[in-house]
Amino acid sequence: MKKFVAKDPRGQITRGKTARNRLRRVDNWLLMHEPALLRRNDGDYAKAWYVDLGYGVEPFTTLESAHRLRKVSPNLPVLGVEIDPERVQTALPYEDDQTKFRLGGFNLPLGVGDRVKIIRAFNVLRQYDETQVIEAHSVLLNQLLPGGLLLEGTSDPFGQVWVANVIQKTQAEPHRITPASTGLLFSTNFHNGFDPALFQPVLPKNYIHHMQPGERIYQFMEAWKFCARQTVSLRTLGLRQWFAQTARNLQEHGYRLDLRERFLNLGYLFWLGE
Ligand SMILES: C[S@@+](CC[C@H](N)C(=O)[O-])C[C@H]1O[C@@H](n2cnc3c(N)ncnc32)[C@H](O)[C@@H]1O
């Protein structure tokens with residue numbers, strides 16, 4: 001085993017199911033939305049890790065992210081972290097100078113001088129109790145550099161539909177959350193058509209049990225469904241046009257959304273935190 005291992009990894013071994021290219025759209029969103037953060041190299045950001053937490057039985061998603069994200073940040077150090085020692089052993093042969101795998105948990109296996117700029121944890125927290133989610137978020141955020149980003153979400157088996165918590169730490173001390181880059185990100189490749197209800201089964205753990213009248217996520221999803229019905233005639237023009245128009249209508253219901261065309265056309269709806 002490598003020398004950097006968390007002494008007492010926090011968390012539990014869970015099902016390790018993954019799939020090639022499952023998280024491609026997560027990488028693509030990061031490439032479009034966060035190129036500056038990916039490239040950032042000043043001060044503590046020099047050599048700061050992109051961490052893929054809980055990569056599963058095989059490290060495809062980590063290796064694919066390394067390949068894709070290095071298109072904008074050629075020397076990006078990528079660290080795959082798993083709490084299952086066997087899964088770490090499986091990944092070790094794939095290491096290279098810039099891609100490493102270590103045993104660890106929410107308390108990341110970091111050595112002296114290791115810094116972290118982005119943490120992606122996909123399909124990890126859904127298998128935990130909801131009560132453990134806030135703590136896991138806070139432990140992970142504490143290990144990010146100021147200005148760093150946590151992407152924590154749930155996808156369907158092939159990554160065609162997913163929803164993620166996006167949480168950016170402020171630049172300033174004491175660290176808070178940056179509202180401008182923090183929120184709930186919905187993603188679809190339209191393979192299964194479009195209906196806001198398609199996102200419900202993949203809501204992250206901190207939302208999935210709150211689809212009840214009176215809850216904010218329920219109101220949001222109901223408003224989105226209403227906007228989809230209002231604009232259904234656009235379906236004949238194309239699912240992307242329809243999706244984009246639902247987002248514009250939804251903003252009129254008081255939700256703060258990223259309405260940039262290039263994100264909407266690709267099937268990304270970002271509901272920004274208040
Ligand atoms: C379903 S797999 C997800 C694989 C990949 N991220 C994906 O989306 O395809 C979840 C993995 O997270 C790992 N895991 C769960 N809790 C963890 C923790 N606290 N720290 C590190 N890995 C964890 C599990 O051992 C499992 O291999």
# chains A, B, ... in the order shown; residues from 1 in each chain; ligands from 1

$ select_by_dssp --residues "range 17-261 of chain A" --states "helix (DSSP H, G or I)" --output "number ranges by chain"
A: 24-33, 35-39, 43-45, 60-69, 85-94, 125-127, 131-142, 179-181, 196-202, 205-208, 216-230, 232-237, 239-251, 261

$ write_last_selection --atoms "C-alpha atoms" --output "short mmCIF file (atom, residue, chain, number, x, y, z; two decimals), in the first residue's frame"
data_model
loop_
_atom_site.label_atom_id
_atom_site.label_comp_id
_atom_site.auth_asym_id
_atom_site.auth_seq_id
_atom_site.Cartn_x
_atom_site.Cartn_y
_atom_site.Cartn_z
CA ARG A 24 -18.17 12.41 -18.82
CA ARG A 25 -20.85 15.09 -18.54
CA VAL A 26 -19.54 16.06 -15.10
CA ASP A 27 -16.09 16.57 -16.63
CA ASN A 28 -17.61 18.50 -19.54
CA TRP A 29 -19.47 20.82 -17.21
CA LEU A 30 -16.29 21.49 -15.23
CA LEU A 31 -14.39 22.20 -18.45
CA MET A 32 -17.00 24.75 -19.48
CA HIS A 33 -17.83 26.27 -16.12
CA PRO A 35 -11.64 26.42 -16.69
CA ALA A 36 -9.99 29.12 -14.54
CA LEU A 37 -10.16 26.98 -11.41
CA LEU A 38 -8.84 23.95 -13.31
CA ARG A 39 -5.89 26.01 -14.58
CA GLY A 43 0.45 30.13 -4.49
CA ASP A 44 -1.11 27.13 -2.73
CA TYR A 45 -2.83 26.23 -5.97
CA PHE A 60 -12.10 4.36 -15.11
CA THR A 61 -13.86 7.55 -14.10
CA THR A 62 -10.73 8.93 -12.43
CA LEU A 63 -8.53 8.11 -15.42
CA GLU A 64 -11.06 9.54 -17.86
CA SER A 65 -11.33 12.77 -15.86
CA ALA A 66 -7.55 13.06 -15.77
CA HIS A 67 -7.47 12.75 -19.54
CA ARG A 68 -10.32 15.20 -20.19
CA LEU A 69 -9.46 17.85 -17.63
CA PRO A 85 -8.22 -1.39 0.00
CA GLU A 86 -8.82 -3.92 -2.80
CA ARG A 87 -10.09 -1.18 -5.08
CA VAL A 88 -6.96 0.82 -4.38
CA GLN A 89 -4.80 -2.19 -5.27
CA THR A 90 -6.74 -2.58 -8.54
CA ALA A 91 -6.05 1.05 -9.41
CA LEU A 92 -2.35 1.28 -8.50
CA PRO A 93 -1.05 -0.15 -11.82
CA TYR A 94 -2.71 2.80 -13.59
CA LEU A 125 -23.30 9.53 -0.48
CA ARG A 126 -26.53 8.00 -1.75
CA GLN A 127 -25.62 4.85 0.13
CA THR A 131 -27.85 12.55 8.61
CA GLN A 132 -24.26 11.79 7.53
CA VAL A 133 -24.40 14.01 4.45
CA ILE A 134 -23.98 17.45 6.05
CA GLU A 135 -21.06 16.22 8.07
CA ALA A 136 -19.41 14.62 5.02
CA HIS A 137 -19.84 17.89 3.07
CA SER A 138 -18.32 19.89 5.88
CA VAL A 139 -15.33 17.52 6.33
CA LEU A 140 -14.67 17.67 2.58
CA LEU A 141 -15.05 21.46 2.38
CA ASN A 142 -12.60 21.88 5.23
CA PRO A 179 -23.39 31.81 -3.44
CA ALA A 180 -22.47 32.67 -7.03
CA SER A 181 -21.03 29.23 -7.71
CA PRO A 196 -38.33 17.32 -14.94
CA ALA A 197 -39.59 14.19 -13.13
CA LEU A 198 -36.69 12.21 -14.67
CA PHE A 199 -34.35 13.96 -12.23
CA GLN A 200 -36.24 12.92 -9.11
CA PRO A 201 -34.74 9.43 -8.74
CA VAL A 202 -31.21 10.88 -8.91
CA LYS A 205 -29.22 12.29 -0.64
CA ASN A 206 -29.86 15.63 1.07
CA TYR A 207 -32.86 16.25 -1.26
CA ILE A 208 -34.31 12.88 -2.23
CA ARG A 216 -38.21 23.80 -1.12
CA ILE A 217 -37.01 21.06 -3.50
CA TYR A 218 -40.60 19.86 -3.96
CA GLN A 219 -41.77 23.39 -4.79
CA PHE A 220 -38.91 23.78 -7.25
CA MET A 221 -39.67 20.48 -9.01
CA GLU A 222 -43.40 21.27 -9.14
CA ALA A 223 -42.69 24.72 -10.61
CA TRP A 224 -40.37 23.16 -13.22
CA LYS A 225 -43.04 20.60 -14.16
CA PHE A 226 -45.57 23.43 -14.48
CA CYS A 227 -43.18 25.31 -16.80
CA ALA A 228 -42.68 22.14 -18.85
CA ARG A 229 -46.44 21.79 -19.33
CA GLN A 230 -46.73 25.50 -20.21
CA VAL A 232 -44.91 21.65 -24.18
CA SER A 233 -45.66 22.88 -27.73
CA LEU A 234 -41.91 23.55 -28.11
CA ARG A 235 -41.26 19.83 -27.92
CA THR A 236 -41.78 19.61 -31.68
CA LEU A 237 -38.89 22.08 -32.18
CA LEU A 239 -36.04 18.74 -26.60
CA ARG A 240 -33.15 21.18 -26.08
CA GLN A 241 -35.24 24.20 -27.04
CA TRP A 242 -38.03 22.99 -24.79
CA PHE A 243 -35.64 22.40 -21.86
CA ALA A 244 -34.10 25.87 -22.29
CA GLN A 245 -37.50 27.57 -22.35
CA THR A 246 -38.62 25.77 -19.19
CA ALA A 247 -35.55 27.26 -17.48
CA ARG A 248 -36.38 30.79 -18.64
CA ASN A 249 -39.99 30.41 -17.47
CA LEU A 250 -38.84 28.93 -14.18
CA GLN A 251 -36.81 32.02 -13.41
CA GLU A 261 -27.63 29.35 -23.67
#

$ residues_around --residues "range 162-168 of chain A" --least-positions-apart "6" --cutoff "8 Å" --atoms "only C-alpha atoms" --output "PyMOL selection string"
chain A and resi 147-156+177-179+181-188+199+202-204

$ write_last_selection --atoms "N, CA and C atoms" --output "PDB file, in the first residue's frame"
ATOM      1  N   GLY A 147     -11.775  29.041  -2.343  1.00  0.00           N
ATOM      2  CA  GLY A 147     -12.062  29.152  -3.777  1.00  0.00           C
ATOM      3  C   GLY A 147     -12.233  27.792  -4.444  1.00  0.00           C
ATOM      4  N   GLY A 148     -11.969  26.717  -3.704  1.00  0.00           N
ATOM      5  CA  GLY A 148     -12.092  25.366  -4.262  1.00  0.00           C
ATOM      6  C   GLY A 148     -13.546  24.925  -4.374  1.00  0.00           C
ATOM      7  N   LEU A 149     -13.746  23.803  -5.044  1.00  0.00           N
ATOM      8  CA  LEU A 149     -15.111  23.389  -5.397  1.00  0.00           C
ATOM      9  C   LEU A 149     -15.360  21.932  -5.020  1.00  0.00           C
ATOM     10  N   LEU A 150     -16.545  21.693  -4.430  1.00  0.00           N
ATOM     11  CA  LEU A 150     -17.004  20.322  -4.152  1.00  0.00           C
ATOM     12  C   LEU A 150     -18.183  20.022  -5.067  1.00  0.00           C
ATOM     13  N   LEU A 151     -18.088  18.903  -5.779  1.00  0.00           N
ATOM     14  CA  LEU A 151     -19.180  18.437  -6.640  1.00  0.00           C
ATOM     15  C   LEU A 151     -19.605  17.088  -6.108  1.00  0.00           C
ATOM     16  N   GLU A 152     -20.801  17.030  -5.550  1.00  0.00           N
ATOM     17  CA  GLU A 152     -21.241  15.776  -4.930  1.00  0.00           C
ATOM     18  C   GLU A 152     -22.623  15.443  -5.466  1.00  0.00           C
ATOM     19  N   GLY A 153     -22.717  14.306  -6.156  1.00  0.00           N
ATOM     20  CA  GLY A 153     -24.004  14.038  -6.779  1.00  0.00           C
ATOM     21  C   GLY A 153     -24.300  12.575  -7.009  1.00  0.00           C
ATOM     22  N   THR A 154     -25.440  12.380  -7.678  1.00  0.00           N
ATOM     23  CA  THR A 154     -25.934  11.034  -7.979  1.00  0.00           C
ATOM     24  C   THR A 154     -26.302  10.981  -9.451  1.00  0.00           C
ATOM     25  N   SER A 155     -25.965   9.855 -10.083  1.00  0.00           N
ATOM     26  CA  SER A 155     -26.319   9.707 -11.500  1.00  0.00           C
ATOM     27  C   SER A 155     -27.072   8.398 -11.712  1.00  0.00           C
ATOM     28  N   ASP A 156     -27.645   8.256 -12.910  1.00  0.00           N
ATOM     29  CA  ASP A 156     -28.180   6.949 -13.289  1.00  0.00           C
ATOM     30  C   ASP A 156     -26.990   6.071 -13.715  1.00  0.00           C
ATOM     31  N   ILE A 177     -19.524  29.733   2.145  1.00  0.00           N
ATOM     32  CA  ILE A 177     -19.839  29.182   0.832  1.00  0.00           C
ATOM     33  C   ILE A 177     -20.101  30.338  -0.120  1.00  0.00           C
ATOM     34  N   THR A 178     -19.590  30.252  -1.356  1.00  0.00           N
ATOM     35  CA  THR A 178     -19.765  31.336  -2.324  1.00  0.00           C
ATOM     36  C   THR A 178     -21.095  31.148  -3.052  1.00  0.00           C
ATOM     37  N   PRO A 179     -22.078  32.037  -2.826  1.00  0.00           N
ATOM     38  CA  PRO A 179     -23.392  31.806  -3.436  1.00  0.00           C
ATOM     39  C   PRO A 179     -23.346  31.771  -4.957  1.00  0.00           C
ATOM     40  N   SER A 181     -21.399  30.508  -7.082  1.00  0.00           N
ATOM     41  CA  SER A 181     -21.031  29.233  -7.714  1.00  0.00           C
ATOM     42  C   SER A 181     -21.536  28.044  -6.927  1.00  0.00           C
ATOM     43  N   THR A 182     -22.527  28.265  -6.125  1.00  0.00           N
ATOM     44  CA  THR A 182     -23.036  27.182  -5.288  1.00  0.00           C
ATOM     45  C   THR A 182     -24.505  26.951  -5.610  1.00  0.00           C
ATOM     46  N   GLY A 183     -24.879  25.699  -5.720  1.00  0.00           N
ATOM     47  CA  GLY A 183     -26.274  25.405  -6.010  1.00  0.00           C
ATOM     48  C   GLY A 183     -26.469  23.950  -6.367  1.00  0.00           C
ATOM     49  N   LEU A 184     -27.593  23.702  -7.048  1.00  0.00           N
ATOM     50  CA  LEU A 184     -27.946  22.338  -7.424  1.00  0.00           C
ATOM     51  C   LEU A 184     -27.929  22.266  -8.953  1.00  0.00           C
ATOM     52  N   LEU A 185     -27.122  21.351  -9.462  1.00  0.00           N
ATOM     53  CA  LEU A 185     -26.906  21.257 -10.906  1.00  0.00           C
ATOM     54  C   LEU A 185     -27.612  20.018 -11.462  1.00  0.00           C
ATOM     55  N   PHE A 186     -28.480  20.253 -12.454  1.00  0.00           N
ATOM     56  CA  PHE A 186     -29.218  19.166 -13.106  1.00  0.00           C
ATOM     57  C   PHE A 186     -28.615  18.951 -14.482  1.00  0.00           C
ATOM     58  N   SER A 187     -28.447  17.676 -14.872  1.00  0.00           N
ATOM     59  CA  SER A 187     -27.821  17.395 -16.156  1.00  0.00           C
ATOM     60  C   SER A 187     -28.543  16.242 -16.858  1.00  0.00           C
ATOM     61  N   THR A 188     -28.816  16.436 -18.142  1.00  0.00           N
ATOM     62  CA  THR A 188     -29.376  15.350 -18.952  1.00  0.00           C
ATOM     63  C   THR A 188     -28.799  15.406 -20.361  1.00  0.00           C
ATOM     64  N   PHE A 199     -35.459  13.659 -13.139  1.00  0.00           N
ATOM     65  CA  PHE A 199     -34.353  13.958 -12.228  1.00  0.00           C
ATOM     66  C   PHE A 199     -34.629  13.481 -10.790  1.00  0.00           C
ATOM     67  N   VAL A 202     -32.658  10.670  -9.103  1.00  0.00           N
ATOM     68  CA  VAL A 202     -31.210  10.883  -8.906  1.00  0.00           C
ATOM     69  C   VAL A 202     -30.915  12.154  -8.102  1.00  0.00           C
ATOM     70  N   LEU A 203     -31.899  12.618  -7.361  1.00  0.00           N
ATOM     71  CA  LEU A 203     -31.605  13.759  -6.477  1.00  0.00           C
ATOM     72  C   LEU A 203     -30.585  13.317  -5.431  1.00  0.00           C
ATOM     73  N   PRO A 204     -29.623  14.191  -5.087  1.00  0.00           N
ATOM     74  CA  PRO A 204     -28.664  13.814  -4.048  1.00  0.00           C
ATOM     75  C   PRO A 204     -29.370  13.513  -2.725  1.00  0.00           C
TER      76      PRO A 204
END

$ closest_residue --among "A:Leu272, A:Leu79, A:Ala48, A:Leu266" --to "ligand 1" --atoms "only C-alpha atoms and all ligand atoms"
A:Leu79

$ residues_around --residues "Lys47 in chain A" --least-positions-apart "3" --cutoff "10 Å" --atoms "only C-alpha atoms" --output "list in words"
Arg40, Asn41, Asp42, Gly43, Asp44, Tyr50, Asn75, Leu76, Pro77, Val78, Gln98, Gly113, Asp114, Arg115, Val116 and Lys117 of chain A

$ residues_around --residues "range 109-112 of chain A" --least-positions-apart "2" --cutoff "10 Å" --atoms "only C-alpha atoms" --output "PyMOL selection string"
chain A and resi 3-9+49+79+81-82+101-107+114-116+143

$ closest_residue --among "A:Val51, A:Leu144, A:Ala46, A:Val57" --to "ligand 1" --atoms "only C-alpha atoms and all ligand atoms"
A:Val57

$ atom_distance --atom1 "CA of Leu145 in chain A" --atom2 "CA of Gly80 in chain A"
17.7 Å

$ closest_residue --among "A:Gly214, A:Asp195, A:Ile83, A:Arg256" --to "Thr231 in chain A" --atoms "only C-alpha atoms"
A:Asp195

$ select_by_dssp --residues "range 7-52 of chain A" --states "strand (DSSP E)" --output "count of residues only"
4

$ closest_residue --among "A:Ile118, A:Ala172, A:Val124, A:Leu108" --to "ligand 1" --atoms "only C-alpha atoms and all ligand atoms"
A:Val124

$ closest_residue --among "A:Ser73, A:Asn123, A:Gln171, A:Thr99" --to "ligand 1" --atoms "only C-alpha atoms and all ligand atoms"
A:Asn123

$ closest_residue --among "A:Leu259, A:Met211, A:Leu23, A:Val161" --to "ligand 1" --atoms "only C-alpha atoms and all ligand atoms"
A:Leu23

$ atom_distance --atom1 "CA of Lys100 in chain A" --atom2 "CA of Gly159 in chain A"
23.8 Å
